[in-house]
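Accompanying notes for the structure given below.
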Amino acid sequence: MKFFKSLTTGQRTIALSLGFMLVLSIVRLFTNADDITSSGTISSTLRVATPILLAGLAGVWAERVGIVNIGIEGMMIIGTWFGAYGAWKWGSWAGIALAIFAGSLVGLLHALATVRFNVNHVVSGIAINILAAGSTEYLSIIFFKGQKGGGESQSPAGKGGYGEFDMPFLSGGRIGSWRSPDILGWLEKKHDLPLLPDLAGVLRGLVSDIYVPTIVAIALVPITAYILWRTRFGLRVRSSGESPQAGESLGVSINRLRYQAMAISGGLAAFGGAYLSTVFTSTYRQGQTGGQGYIGLATTIFGNWNPFGVFRGAILFGFPSALKFRDEKNVPSLLLVIAVILIALGVVSLMKNKQILTMGLFIGSAISAATYFLVDDVPQEFVAATPYIVTILVLAGAQQQLRPPAYAGIPYRAGENH
Amino acid sequence: MKNPRLQRMLVTSASSLLAVFVALCICAVILLITGKDPIEAYRTLFGAAGETKVLQGALNRATPLMISAAAVAIGFKMNLFNIGVEGQMRVALLATAVAGAAVDLPAPLHILFCLVVAMASGAIWAGIAGWLKVKRGVNEVISTIMLNFVALSLVAWAFDSFFRAESTTGSLLVKTKELPTSAWFPDIVERRLNGMFFVAILVLVLFYVLVWKTKFGFQLRASGANAGASRVTGVNPKRMVMISMLLSGALAGLVGMRALLGDVHAYQNNLAEQQGFNGIAVALLGRNHPLGIFISALLFGYLGEASGRLQLIDIPKEITTIMTGIIVLAVVIINEAVKRWDDRRIQHKAALALESAAVPA
């Protein structure tokens, strides 16, 4: 315990990830569920997690500036439609650009309602969700119906082509026309070894078969963190979410900041939507977001309003779906992973002398392990519900560790509330 | 115009009317931009108002909206935002469909049994959010959103794994075992208007009595308006949160009953979909008042019923969804503006009164 505390945050993260890898490796050797650490699973986790990550970042920008954004889902829906429209007319990147533009306009609408007109943030978010759903359905009938490949609830296929990226030497990417050796791929196939193939698989998953927009989305994590914590603009944004009066008294225009941050938030959410309709698939379909905006909101909370935390959350929430997507048989082995992790947490809490918590964790672990031996298949519905249940549990159990922006959602008008 | 209560009521109704008007104007602009004729659209949309069939359909569609709006409004009265009506309704739908098909009772008792099961199961699901709020301090907006999705998954899974029945009619739609006819809620007008309409009216009346005419209602409103002050008078705000959440959930359980007991008589996927969400818009437009909710529910019910006509003149009926969204935004914006204007007016009046009182001295 003391040793662990002496480590820096970076070292701790590495130690914890290595520990997690070890757990996965042991479970893999035990269950022969080779896919749980295969590069294919990891790269599809990144694909599934990208829109959730972007929606979560949208949540961070909104809440950090002090505006609760229930409308992320609606902004994503707008993104799916405009992304598909742009991709169909001009090509994929144009689609994403158009979606980001449309999304920021919706973000500005949310800001207009909440900042200028002082509307309850939740009500405005709900209105945006209704408006987004209604207007995309309306626009689809006008623009997509009767087009080749399009229909009342579906767009024609976009002009695809983002290019996927493989890292040379590590995962067999090309340099010019020469195909470099796939070192990690070779290591990954040595399934009998412990840990090594798992590490290779995960690393290879991170550097092979990645869509370029996914790289952009991941890059936005440190960029967001840098802007919010290392620039003057970011400091002001956070002051607006923590204590707008204080910012205002120092001459910061809170209202303008809120418009700016909400435009960014809307743009990010719509990027996530456009990713769904132009990268993940090549058409817009009605209802495509399927609540991913709300999962994004959940990752904002799960990630403690911090971009890196949001990244963790998006990966965590994306992993089971990706695993399910690849091969259903691998999903139950996650139960064993959960069981081992719960035991580890139980040991930690035992060392902290929290008997009741320890008991709960051990019981949870036993249930999880028992379920593994009893079921052959984890129903899709449980995989789908996991992010929401985890968020509720985190909110219920770890409130003390959570630090939401103090002023998020509280009505504020410049010059008042003093 | 001396009566301040009457004055306030007039102001609120006027602002709600204004919101609808604004929404109509904005939608007209949208129609124009997309190359449709707004005048023809509105003539078609509202021209159907004279037809009995359309009106019956509107009342029928208004039935669940009234109940879900009341469920949302009872939360609002306590400053609680129950977005989870949809999920609570879904849990209640499956629970009632299963329990109702499992028992055998004479007609009125069977219906009553179903309604009680619906209310109880809705209340239990809402109670989770209430418990999280009271015991763990979890914001109910977030928890009810999350619980909506959990409910969706849970119900879909339970339905799929345990309660789907073999189809007897050869229909491809998968349903639960059909309810015995003793549990069918009778129609007022065959296949057009179900008797649940009267239940909805009863809900609104009871809602009015409970909130405005009882001690509990007074405590509820007081606690919602100022939890600190009402605690001083002996009202336990946590208890009020729990009770209003349970009440809200019980009403949410009733929302789907028109579709279940009065129409399909079995649970199927998508049954009564969105009726829980739509209650939020109705409650906002109706200003959380039973009369306002009644009128708004009629309006939205009518829009839903008549929107099909628009497709006959090649206008997407989804314009009414856009209209709903704009109405929600417009009504809260206008309310906020009116409240500020009203505050200033009262301040001004008080200042004048002070001045005139000060002059003789």
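All residue names refer to the structure tokens as shown: chains lettered A, B, ... in order, residues numbered from 1 in each chain, ligands numbered from 1 in order.
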- prompt: So which residues touch Ile341 in chain A within 10 Å, counting only C-alpha atoms, skipping near sequence neighbours fewer than 4 positions away, as a ChimeraX atom specification?
  reply: /A:19-20,23-24,335-337,345-347,361,365
Same residues, C-alpha atoms, saved as a PDB file, in the first residue's frame:
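Contents of the output file selection_34.pdb:
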```
ATOM      1  CA  GLY A  19      -2.034  -5.877 -13.358  1.00  0.00           C
ATOM      2  CA  PHE A  20      -5.181  -5.785 -15.455  1.00  0.00           C
ATOM      3  CA  VAL A  23      -5.681 -10.840 -14.972  1.00  0.00           C
ATOM      4  CA  LEU A  24      -6.824 -10.988 -18.583  1.00  0.00           C
ATOM      5  CA  LEU A 335     -17.333 -12.637 -15.718  1.00  0.00           C
ATOM      6  CA  LEU A 336     -14.164 -14.324 -14.492  1.00  0.00           C
ATOM      7  CA  VAL A 337     -12.213 -11.123 -15.118  1.00  0.00           C
ATOM      8  CA  LEU A 345     -10.509  -4.759  -4.736  1.00  0.00           C
ATOM      9  CA  GLY A 346     -11.720  -6.809  -1.776  1.00  0.00           C
ATOM     10  CA  VAL A 347      -8.155  -7.411  -0.606  1.00  0.00           C
ATOM     11  CA  LEU A 361     -16.906  -7.343  -2.990  1.00  0.00           C
ATOM     12  CA  SER A 365     -16.905 -11.944  -6.933  1.00  0.00           C
TER      13      SER A 365
END
```
query: Could you write out as JSON, numbers by chain the residues of chain A within 8 Å of chain B, counting only C-alpha atoms?
result: {"A": [113, 117, 118, 119, 120, 123, 124, 127, 128, 129, 130, 131, 132, 133, 134, 135, 137, 138, 141, 142, 294, 379, 381, 382, 384, 385, 388, 389, 391, 392, 395, 396, 397, 399]}
Just N, CA and C atoms for this one: save the residues we selected as a compact mmCIF listing (two decimals), in the first residue's frame.
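Output contents, as saved in result_33.txt:
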```
# COMPACT_ATOMS: atom_id res chain seq x y z
N ALA A 113 -30.56 29.02 -25.30
CA ALA A 113 -31.69 28.76 -24.41
C ALA A 113 -31.27 28.87 -22.95
N PHE A 117 -31.69 32.84 -22.29
CA PHE A 117 -33.07 32.80 -21.80
C PHE A 117 -33.21 32.10 -20.47
N ASN A 118 -32.08 31.61 -19.93
CA ASN A 118 -32.09 31.05 -18.58
C ASN A 118 -33.05 29.87 -18.42
N VAL A 119 -33.19 29.09 -19.48
CA VAL A 119 -34.07 27.94 -19.44
C VAL A 119 -33.40 26.83 -18.63
N ASN A 120 -34.19 26.03 -17.93
CA ASN A 120 -33.68 24.85 -17.23
C ASN A 120 -32.88 23.98 -18.22
N VAL A 123 -34.51 20.71 -19.42
CA VAL A 123 -35.63 20.92 -20.33
C VAL A 123 -35.12 21.26 -21.73
N SER A 124 -34.15 22.17 -21.78
CA SER A 124 -33.61 22.55 -23.08
C SER A 124 -32.98 21.35 -23.77
N ALA A 127 -35.70 19.21 -25.19
CA ALA A 127 -36.26 19.85 -26.39
C ALA A 127 -35.33 19.62 -27.58
N ILE A 128 -34.03 19.71 -27.34
CA ILE A 128 -33.07 19.51 -28.44
C ILE A 128 -33.13 18.08 -28.95
N ASN A 129 -33.28 17.13 -28.03
CA ASN A 129 -33.39 15.74 -28.47
C ASN A 129 -34.63 15.53 -29.34
N ILE A 130 -35.75 16.12 -28.92
CA ILE A 130 -36.98 15.98 -29.72
C ILE A 130 -36.79 16.64 -31.08
N LEU A 131 -36.25 17.87 -31.06
CA LEU A 131 -36.05 18.62 -32.29
C LEU A 131 -35.13 17.88 -33.25
N ALA A 132 -34.04 17.32 -32.70
CA ALA A 132 -33.07 16.64 -33.56
C ALA A 132 -33.70 15.42 -34.21
N ALA A 133 -34.43 14.63 -33.40
CA ALA A 133 -35.07 13.44 -33.94
C ALA A 133 -36.08 13.83 -35.02
N GLY A 134 -36.92 14.82 -34.70
CA GLY A 134 -37.96 15.24 -35.64
C GLY A 134 -37.37 15.80 -36.91
N SER A 135 -36.37 16.68 -36.79
CA SER A 135 -35.89 17.35 -37.99
C SER A 135 -35.10 16.40 -38.89
N GLU A 137 -35.68 13.22 -39.24
CA GLU A 137 -36.66 12.39 -39.93
C GLU A 137 -37.33 13.17 -41.06
N TYR A 138 -37.63 14.43 -40.75
CA TYR A 138 -38.26 15.29 -41.75
C TYR A 138 -37.32 15.48 -42.95
N ILE A 141 -36.89 12.47 -45.34
CA ILE A 141 -37.95 12.26 -46.30
C ILE A 141 -37.79 13.22 -47.47
N ILE A 142 -37.35 14.44 -47.16
CA ILE A 142 -37.22 15.42 -48.24
C ILE A 142 -35.98 15.16 -49.10
N TYR A 294 -26.26 9.11 -24.50
CA TYR A 294 -26.46 8.95 -23.06
C TYR A 294 -25.32 8.15 -22.44
N PRO A 379 -26.59 -12.66 -22.33
CA PRO A 379 -27.52 -12.06 -23.30
C PRO A 379 -27.06 -10.65 -23.70
N GLU A 381 -28.72 -8.08 -24.04
CA GLU A 381 -29.32 -7.01 -23.25
C GLU A 381 -28.45 -6.65 -22.04
N PHE A 382 -27.76 -7.64 -21.49
CA PHE A 382 -26.93 -7.34 -20.32
C PHE A 382 -25.69 -6.56 -20.73
N ALA A 384 -25.63 -4.59 -23.22
CA ALA A 384 -26.10 -3.25 -23.54
C ALA A 384 -26.35 -2.42 -22.28
N ALA A 385 -26.79 -3.08 -21.22
CA ALA A 385 -27.16 -2.33 -20.02
C ALA A 385 -25.96 -2.01 -19.12
N TYR A 388 -24.86 1.64 -18.18
CA TYR A 388 -25.83 2.36 -17.34
C TYR A 388 -25.78 1.85 -15.91
N ILE A 389 -25.68 0.53 -15.76
CA ILE A 389 -25.64 -0.04 -14.41
C ILE A 389 -24.36 0.40 -13.71
N THR A 391 -22.65 3.05 -14.21
CA THR A 391 -22.75 4.46 -13.84
C THR A 391 -23.58 4.65 -12.58
N ILE A 392 -24.70 3.92 -12.51
CA ILE A 392 -25.54 4.03 -11.31
C ILE A 392 -24.75 3.58 -10.08
N LEU A 395 -22.21 6.16 -9.15
CA LEU A 395 -22.86 7.31 -8.52
C LEU A 395 -23.29 6.97 -7.10
N ALA A 396 -23.78 5.73 -6.93
CA ALA A 396 -24.30 5.36 -5.62
C ALA A 396 -23.17 5.05 -4.64
N GLY A 397 -22.07 4.49 -5.15
CA GLY A 397 -21.05 4.01 -4.24
C GLY A 397 -19.85 4.90 -4.08
N GLN A 399 -19.62 8.41 -4.55
CA GLN A 399 -19.91 9.86 -4.62
C GLN A 399 -18.75 10.70 -4.10
```
query: Restricting the calculation to only C-alpha atoms, which member of A:Ile78, A:Leu203, A:Ile126, A:Ile36 is positioned closest to Phe319 in chain A?
result: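 Once distances to Phe319 in chain A are computed over only C-alpha atoms, the minimum belongs to A:Ile36.
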task: Find the residues near range 61-63 of chain B: any atom within 9 Å, counting only C-alpha atoms, skip ones fewer than 6 places away on the same chain, and give them as number ranges by chain.
output: B: 193-194, 196-201, 255, 258, 294, 296-302, 304-305
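Taking only C-alpha atoms into account, Gln154 in chain A lies nearest to A:Tyr284 out of the set A:Trp305, A:Trp61, A:Tyr284, A:Tyr85.
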task: Just list the residues in range 173-382 of chain A DSSP gives strand (DSSP E) on the backbone, as a ChimeraX atom specification.
output: /A:174-175,178-179,210-211
task: Would you kindly return, as a list in words, each protein, DNA or RNA residue with an atom no farther than 9 Å from any atom of Met21 in chain A, considering only C-alpha atoms and excluding same-chain residues fewer than 2 positions away?
output: Leu16, Ser17, Leu18, Gly19, Val23, Leu24, Ser25, Ile26, Thr37, Leu195, Asp198 and Leu199 of chain A
field: Residues within 12 Å of range 104-111 of chain B, only C-alpha atoms, excluding chain neighbours under 4 positions, as a PyMOL selection string
entry: chain B and resi 96-97+99-100+115-118+179-186+195-196+199+254+257-258+260-262+265
Restrict the selected residues to C-alpha atoms and save them as an mmCIF file, in the first residue's frame.
```cif
data_model
loop_
_atom_site.group_PDB
_atom_site.id
_atom_site.type_symbol
_atom_site.label_atom_id
_atom_site.label_comp_id
_atom_site.auth_asym_id
_atom_site.auth_seq_id
_atom_site.Cartn_x
_atom_site.Cartn_y
_atom_site.Cartn_z
ATOM 1 C CA THR B 96 -48.968 -6.285 -15.842
ATOM 2 C CA ALA B 97 -49.157 -8.294 -19.045
ATOM 3 C CA ALA B 99 -49.498 -11.004 -13.982
ATOM 4 C CA GLY B 100 -52.795 -10.186 -15.681
ATOM 5 C CA LEU B 115 -54.143 -1.405 -12.697
ATOM 6 C CA VAL B 116 -52.841 -2.080 -9.195
ATOM 7 C CA VAL B 117 -50.037 -4.292 -10.512
ATOM 8 C CA ALA B 118 -49.145 -1.594 -13.046
ATOM 9 C CA LEU B 179 -54.934 -11.352 -21.406
ATOM 10 C CA PRO B 180 -58.315 -13.014 -20.752
ATOM 11 C CA THR B 181 -61.218 -10.839 -21.930
ATOM 12 C CA SER B 182 -62.155 -10.074 -18.325
ATOM 13 C CA ALA B 183 -59.050 -7.871 -18.165
ATOM 14 C CA TRP B 184 -59.893 -5.928 -21.338
ATOM 15 C CA PHE B 185 -60.706 -2.328 -20.666
ATOM 16 C CA PRO B 186 -63.964 -1.619 -22.537
ATOM 17 C CA GLY B 195 -62.510 3.797 -21.577
ATOM 18 C CA MET B 196 -59.083 4.476 -20.073
ATOM 19 C CA VAL B 199 -59.267 6.899 -15.829
ATOM 20 C CA LEU B 254 -50.701 3.506 -15.696
ATOM 21 C CA MET B 257 -52.532 0.633 -19.804
ATOM 22 C CA ARG B 258 -54.613 2.156 -22.596
ATOM 23 C CA LEU B 260 -52.195 -2.889 -23.039
ATOM 24 C CA LEU B 261 -55.668 -3.353 -21.544
ATOM 25 C CA GLY B 262 -57.576 -1.342 -24.120
ATOM 26 C CA HIS B 265 -54.170 -7.106 -24.750
#
```
Residues within 9 Å of Leu271 in chain B, only C-alpha atoms, excluding chain neighbours under 6 positions, as a PyMOL selection string: chain B and resi 90+93+256+259-260+264
